[in-house]
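Structure file my_file_9.cif with mmCIF, C-alpha atoms:
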```
data_query
#
loop_
_atom_site.label_atom_id
_atom_site.label_comp_id
_atom_site.auth_asym_id
_atom_site.auth_seq_id
_atom_site.Cartn_x
_atom_site.Cartn_y
_atom_site.Cartn_z
CA MET C 1 115.89 133.20 107.04
CA SER C 2 117.62 131.05 109.64
CA ARG C 3 119.51 132.54 112.55
CA LYS C 4 122.76 131.26 111.03
CA ASN C 5 122.08 133.04 107.76
CA ILE C 6 121.17 136.25 109.57
CA TRP C 7 124.54 136.18 111.33
CA LEU C 8 126.31 135.49 108.03
CA VAL C 9 124.58 138.44 106.37
CA ALA C 10 125.32 140.70 109.34
CA GLY C 11 128.96 139.62 109.33
CA GLY C 12 129.19 140.33 105.62
CA VAL C 13 127.74 143.81 106.06
CA VAL C 14 130.22 144.56 108.86
CA LEU C 15 133.11 143.27 106.74
CA LEU C 16 132.09 145.37 103.74
CA GLY C 17 131.72 148.40 105.99
CA ALA C 18 135.20 147.84 107.45
CA LEU C 19 136.72 147.41 103.98
CA TRP C 20 135.08 150.65 102.83
CA PHE C 21 136.17 152.51 105.97
CA PHE C 22 139.82 151.50 105.67
CA SER C 23 139.85 152.17 101.94
CA LEU C 24 139.24 155.89 102.54
CA GLU C 25 142.27 158.08 101.86
CA PRO C 26 142.93 161.54 103.34
CA SER C 27 143.08 164.39 100.85
CA ASP C 28 144.20 168.00 100.73
CA ALA C 29 141.55 168.79 98.12
CA GLY C 30 139.33 171.60 99.34
CA PRO C 31 137.57 173.83 99.54
CA TRP C 32 138.53 174.64 103.13
CA ALA C 33 137.36 177.14 105.69
CA VAL C 34 139.52 180.22 105.13
CA ALA C 35 141.08 179.99 108.61
CA GLN C 36 142.27 176.47 107.75
CA SER C 37 143.03 177.04 104.09
CA VAL C 38 146.82 177.25 104.52
CA LYS C 39 148.85 174.40 105.95
CA PRO C 40 151.93 175.83 107.67
CA ALA C 41 155.45 174.63 106.98
CA VAL C 42 158.67 175.21 108.90
CA GLN C 43 162.34 175.49 108.04
CA VAL C 44 164.88 174.91 110.80
CA GLU C 45 168.54 175.82 110.31
CA GLY C 46 170.67 175.65 113.42
CA GLN C 47 168.89 177.77 116.02
CA ALA C 48 166.82 179.67 113.44
CA ILE C 49 163.19 178.77 112.80
CA GLU C 50 161.26 180.15 109.84
CA VAL C 51 157.50 179.60 110.00
CA TYR C 52 155.57 179.87 106.74
CA GLY C 53 151.82 180.29 106.94
CA LEU C 54 151.65 181.52 110.53
CA ARG C 55 148.04 182.58 111.15
CA ASP C 56 147.07 185.90 112.72
CA PHE C 57 143.37 186.38 111.92
CA ARG C 58 140.79 188.65 113.51
CA TYR C 59 137.11 187.77 113.78
CA ASP C 60 133.69 189.36 114.17
CA ASP C 61 131.28 188.47 116.97
CA ALA C 62 130.02 185.47 114.98
CA GLY C 63 133.54 184.08 114.61
CA GLN C 64 133.82 184.97 110.91
CA PRO C 65 137.22 186.31 109.77
CA THR C 66 137.40 190.06 109.28
CA VAL C 67 141.20 190.22 108.88
CA GLU C 68 142.92 187.32 107.10
CA ARG C 69 146.65 187.18 107.64
CA PHE C 70 149.01 184.30 106.91
CA ARG C 71 152.58 185.43 107.16
CA THR C 72 156.18 184.32 107.57
CA GLU C 73 157.73 184.73 111.01
CA SER C 74 161.23 184.04 112.34
CA PHE C 75 162.07 182.66 115.78
CA SER C 76 165.29 181.61 117.48
CA LEU C 77 165.61 178.51 119.63
CA ASP C 78 168.15 180.46 121.68
CA ASN C 79 165.25 182.65 122.83
CA LEU C 80 162.89 179.82 123.80
CA VAL C 81 162.27 179.98 127.55
CA GLY C 82 159.28 177.69 128.09
CA ALA C 83 155.84 176.51 127.04
CA TRP C 84 152.21 176.75 128.15
CA PHE C 85 149.45 174.15 128.04
CA GLY C 86 146.05 175.46 127.01
CA LEU C 87 142.53 174.06 127.33
CA SER C 88 139.46 175.69 125.82
CA HIS C 89 136.13 174.25 127.00
CA PHE C 90 133.62 174.33 124.15
CA GLY C 91 131.03 171.95 125.60
CA PRO C 92 129.87 170.13 128.74
CA GLY C 93 131.31 167.01 130.28
CA GLY C 94 134.93 167.70 129.50
CA LEU C 95 134.62 168.59 125.81
CA ALA C 96 137.56 170.87 125.15
CA HIS C 97 140.30 171.78 122.71
CA SER C 98 143.94 171.58 123.79
CA PHE C 99 146.94 173.47 122.45
CA ILE C 100 150.52 174.44 123.28
CA SER C 101 151.99 177.95 123.28
CA PHE C 102 155.78 178.25 123.10
CA GLU C 103 157.27 181.32 124.79
CA PHE C 104 160.28 183.21 123.43
CA ASP C 105 162.16 186.05 125.14
CA ARG C 106 164.29 188.33 122.96
CA ASN C 107 165.87 191.11 124.98
CA GLY C 108 162.85 191.31 127.27
CA GLU C 109 160.31 191.15 124.43
CA ARG C 110 158.03 188.15 124.86
CA ARG C 111 156.67 186.38 121.79
CA TYR C 112 154.48 183.30 121.56
CA LEU C 113 154.02 180.62 118.91
CA VAL C 114 150.84 178.57 119.32
CA LEU C 115 150.46 175.03 118.01
CA SER C 116 146.83 173.98 117.62
CA ILE C 117 146.08 170.56 116.11
CA GLU C 118 142.63 170.70 114.54
CA ALA C 119 140.09 168.86 112.41
CA ARG C 120 140.21 170.54 109.00
CA ARG C 121 136.77 171.51 107.75
CA GLY C 122 135.06 172.97 104.72
CA PRO C 123 133.49 176.47 104.55
CA GLY C 124 130.71 176.73 107.10
CA GLN C 125 131.16 173.14 108.24
CA PRO C 126 130.95 172.75 112.04
CA TYR C 127 133.13 170.39 114.04
CA LEU C 128 131.05 167.44 115.22
CA PRO C 129 132.94 164.99 117.51
CA VAL C 130 130.95 161.98 116.27
CA ARG C 131 131.87 162.71 112.62
CA GLY C 132 135.48 162.85 113.68
CA MET C 133 135.39 159.14 114.51
CA PHE C 134 134.60 158.14 110.93
CA ARG C 135 137.35 159.70 108.79
CA LYS C 136 135.27 162.75 107.98
CA TYR C 137 138.04 165.26 108.79
CA THR C 138 141.69 165.56 107.90
CA LYS C 139 144.18 166.99 110.33
CA ILE C 140 145.85 170.39 110.25
CA ASN C 141 148.52 171.77 112.56
CA ILE C 142 147.75 175.46 112.94
CA LEU C 143 150.72 177.65 113.90
CA GLY C 144 149.45 181.02 114.99
CA THR C 145 149.51 183.96 117.37
CA GLU C 146 147.87 183.93 120.79
CA GLN C 147 145.63 186.82 119.74
CA ASP C 148 144.22 184.55 117.04
CA VAL C 149 144.15 181.03 118.52
CA ILE C 150 143.36 182.00 122.12
CA GLY C 151 141.44 185.21 121.43
CA LEU C 152 139.07 183.46 119.03
CA ARG C 153 138.05 181.10 121.82
CA SER C 154 138.20 183.33 124.90
CA HIS C 155 136.97 186.64 123.47
CA ILE C 156 134.82 185.66 120.48
CA ALA C 157 133.38 182.21 121.22
CA GLY C 158 133.12 182.90 124.95
CA GLU C 159 134.77 179.59 125.87
CA ARG C 160 136.46 179.08 129.20
CA VAL C 161 140.16 179.04 128.36
CA LEU C 162 142.78 177.77 130.80
CA LEU C 163 146.47 178.51 130.35
CA TYR C 164 149.03 176.66 132.47
CA PRO C 165 152.82 177.09 132.47
CA LEU C 166 154.54 173.78 131.82
CA GLU C 167 157.20 172.77 134.31
CA GLY C 168 160.53 171.84 132.79
CA THR C 169 163.66 173.28 131.25
CA PRO C 170 164.14 175.39 128.12
CA GLU C 171 166.01 172.43 126.65
CA GLY C 172 163.00 170.22 127.20
CA SER C 173 160.73 172.80 125.54
CA LYS C 174 163.19 173.07 122.66
CA SER C 175 163.20 169.32 122.07
CA TYR C 176 159.40 169.19 122.20
CA LEU C 177 158.99 172.14 119.85
CA LEU C 178 161.35 170.63 117.27
CA THR C 179 159.46 167.34 117.41
CA MET C 180 156.12 169.05 116.87
CA LEU C 181 157.50 171.18 114.04
CA GLU C 182 158.80 168.03 112.37
CA GLU C 183 155.30 166.56 112.63
CA THR C 184 153.89 169.77 111.15
CA ASN C 185 156.18 169.41 108.13
CA LYS C 186 155.19 165.76 107.68
CA LEU C 187 151.55 166.80 107.66
CA TYR C 188 152.36 169.53 105.15
CA GLU C 189 153.81 166.91 102.82
CA ALA C 190 151.11 164.26 103.25
CA PRO C 191 147.56 164.58 104.65
CA ALA C 192 146.33 162.42 107.53
CA PHE C 193 142.96 161.78 109.11
CA TYR C 194 141.85 163.42 112.34
CA ASN C 195 140.15 161.06 114.78
CA THR C 196 138.11 162.31 117.73
CA VAL C 197 139.31 159.47 119.97
CA LEU C 198 142.59 158.11 118.59
CA ASP C 199 144.29 160.99 116.79
CA ASN C 200 143.09 164.34 118.06
CA CYS C 201 144.26 167.67 119.46
CA LEU C 202 145.36 166.07 122.76
CA THR C 203 146.60 162.60 121.84
CA ASN C 204 149.00 164.16 119.31
CA LEU C 205 150.47 166.37 122.02
CA ILE C 206 150.81 163.43 124.41
CA GLU C 207 152.31 161.10 121.80
CA HIS C 208 155.36 163.32 121.38
CA ALA C 209 155.77 164.38 125.02
CA ALA C 210 158.38 163.02 127.41
CA ILE C 211 155.64 161.91 129.82
CA ARG C 212 153.68 159.90 127.23
CA ASP C 213 154.35 156.55 128.97
CA GLN C 214 152.81 157.88 132.19
CA ILE C 215 149.45 158.60 130.59
CA SER C 216 146.91 155.99 129.51
CA ARG C 217 145.15 156.83 126.24
CA ALA C 218 142.06 155.08 127.68
CA ASP C 219 141.87 157.45 130.66
CA ILE C 220 138.56 159.34 130.63
CA LYS C 221 140.55 162.54 131.22
CA VAL C 222 142.26 161.95 127.87
CA LEU C 223 139.09 160.95 126.05
CA LEU C 224 137.51 164.15 127.43
CA PRO C 225 140.40 166.64 127.14
CA GLY C 226 138.77 169.22 129.40
CA ARG C 227 139.88 167.10 132.33
CA MET C 228 143.47 166.72 131.19
CA ASP C 229 144.64 169.42 133.57
CA ARG C 230 143.88 167.03 136.43
CA ILE C 231 146.49 164.67 134.99
CA THR C 232 149.09 167.38 134.42
CA TYR C 233 148.46 168.61 137.98
CA ALA C 234 148.84 165.10 139.44
CA LEU C 235 152.08 164.52 137.50
CA GLY C 236 153.51 167.92 138.41
CA ILE C 237 153.68 168.93 134.75
CA THR C 238 151.70 172.06 135.57
CA PRO C 239 151.88 173.93 138.92
CA ASP C 240 150.76 171.83 141.86
CA ASP C 241 151.74 173.98 144.85
CA LEU C 242 148.13 175.11 145.44
CA PRO C 243 144.87 173.10 145.63
CA PHE C 244 143.70 172.05 142.17
CA GLU C 245 140.59 174.25 141.97
CA GLU C 246 142.59 177.29 143.03
CA THR C 247 145.26 176.49 140.43
CA ARG C 248 142.57 176.15 137.78
CA GLU C 249 141.04 179.48 138.73
CA LEU C 250 144.42 181.20 138.45
CA ALA C 251 144.89 179.64 135.00
CA THR C 252 141.55 180.92 133.68
CA VAL C 253 141.85 183.59 130.99
CA ASN C 254 139.74 186.65 131.81
CA PRO C 255 138.74 188.37 128.55
CA ALA C 256 137.71 191.50 130.49
CA LEU C 257 141.38 192.24 131.19
CA THR C 258 142.35 192.99 127.59
CA GLY C 259 141.22 193.25 123.97
CA ILE C 260 142.52 191.00 121.21
CA ASP C 261 144.41 193.86 119.52
CA ASP C 262 146.11 194.95 122.74
CA PRO C 263 149.90 194.77 122.14
CA ARG C 264 150.13 193.39 125.68
CA PHE C 265 147.49 190.71 125.05
CA SER C 266 149.69 187.78 126.08
CA ALA C 267 150.92 189.51 129.22
CA ALA C 268 147.43 190.64 130.17
CA ILE C 269 145.83 187.19 129.93
CA ARG C 270 148.58 186.01 132.26
CA CYS C 271 147.85 188.94 134.61
CA LYS C 272 151.36 190.33 134.18
#
```

Please go through the file and, once you have read it, give me the structure as structure tokens.
Amino acid sequence: MSRKNIWLVAGGVVLLGALWFFSLEPSDAGPWAVAQSVKPAVQVEGQAIEVYGLRDFRYDDAGQPTVERFRTESFSLDNLVGAWFGLSHFGPGGLAHSFISFEFDRNGERRYLVLSIEARRGPGQPYLPVRGMFRKYTKINILGTEQDVIGLRSHIAGERVLLYPLEGTPEGSKSYLLTMLEETNKLYEAPAFYNTVLDNCLTNLIEHAAIRDQISRADIKVLLPGRMDRITYALGITPDDLPFEETRELATVNPALTGIDDPRFSAAIRCK
């Protein structure tokens, strides 16, 4: 076969592969891992938020659910006082999961609503970053408690979890929360693919943030989310009044300070 024909054949294979790849359609057909089996939905009326399918699971030492709770919870935008940016390092070289926790204060009682954008998987199926580049996962916006979303990673999986307060106003947090809840409802209505590089736990958060134009999606700190706190530190989105490494140490969740079922879990992981 001539070199020209080899290139023609190779080009044809690439074209067929591309046509197949882009013909794939996301689907809500399961079965799904039980912790990702329910897609949450949200109803917003005025200042009132009703969350359906809020997750509050508990897990054994192997990370398998022992208590399975999806419930309906009510929040008020009037009580929203801020938000926290979380990073959970699950591998070397900056491999990490990012999430946002919204903080509410009702008469001195603090409550938290965590948004965790994840690759939806089948029972027993692990998350493999390479598979996530080839339309192997759909996307799910988990809305859950800190005991579940953070505790699973810090206390059960033994990951290094960082939790930073986001600088800004309650109005800014309110606007961001409403945008992310709108995206959650869109995902409830129609499935979408998760992509390790282009459409993942971090890029989704950036895409809807006020500072999105200040962050390059090609930055290695975005491609490897575990380094994203260096960007938020440099932009003053998270506290920058101390040296970075000291700030990072203060943000590290210490699982020895509290148990997952501690009513003061959220306060304890913030050393309050």

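Taking atom CA of C:Ile156 and atom CA of C:Cys201 as the two end points, the separation is 20.3 Å.
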
* Asked: Which residue gives the smallest distance to C:Phe90 among C:Gly144, C:Gly158, C:Pro65, C:Gly236, with all atoms listed in the file counted?
  ->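 Comparing C:Gly144, C:Gly158, C:Pro65, C:Gly236 against C:Phe90, the winner is C:Gly158.
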
* Asked: Of the candidates C:Gly94, C:Gly172, C:Gly124, C:Pro165, which one gets nearest to C:His208 if we count all atoms listed in the file?
  ->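 Comparing C:Gly94, C:Gly172, C:Gly124, C:Pro165 against C:His208, the winner is C:Gly172.
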
* To do: To verify the selection step, state as a PyMOL selection string which residues the PyMOL selection byres ((chain C and resi 203) around 12) yields on this input.
  => chain C and resi 97-99+117-118+194-202+204-209+212+215-219+221-225+228

* To do: Find the distance between atom CA of C:Ala96 and atom CA of C:Leu163 and write it in Å to one decimal.
  =>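 These two atoms are separated by 12.8 Å.
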
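Take the candidates C:Val42, C:Gln36, C:Thr238, C:Thr72 and check each one against C:Glu189 using only C-alpha atoms; the shortest distance goes to C:Val42.
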
* Care to translate the PyMOL selection byres ((chain C and resi 170) around 10) into actual residues of this file, as a ChimeraX atom specification? -> /C:77-83,103-104,167-169,171-176

* Just the residues within 7 Å of C:Arg121, please, counting only C-alpha atoms, with nothing from its chain fewer than 3 positions along; format it as a list in words. =>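 Non-adjacent residues within range: Trp32, Ala33, Gln125 and Tyr137 of chain C.
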
* Structure fact -> One decimal place gives the atom CA of C:Ser37-atom CA of C:Phe193 separation as 16.1 Å
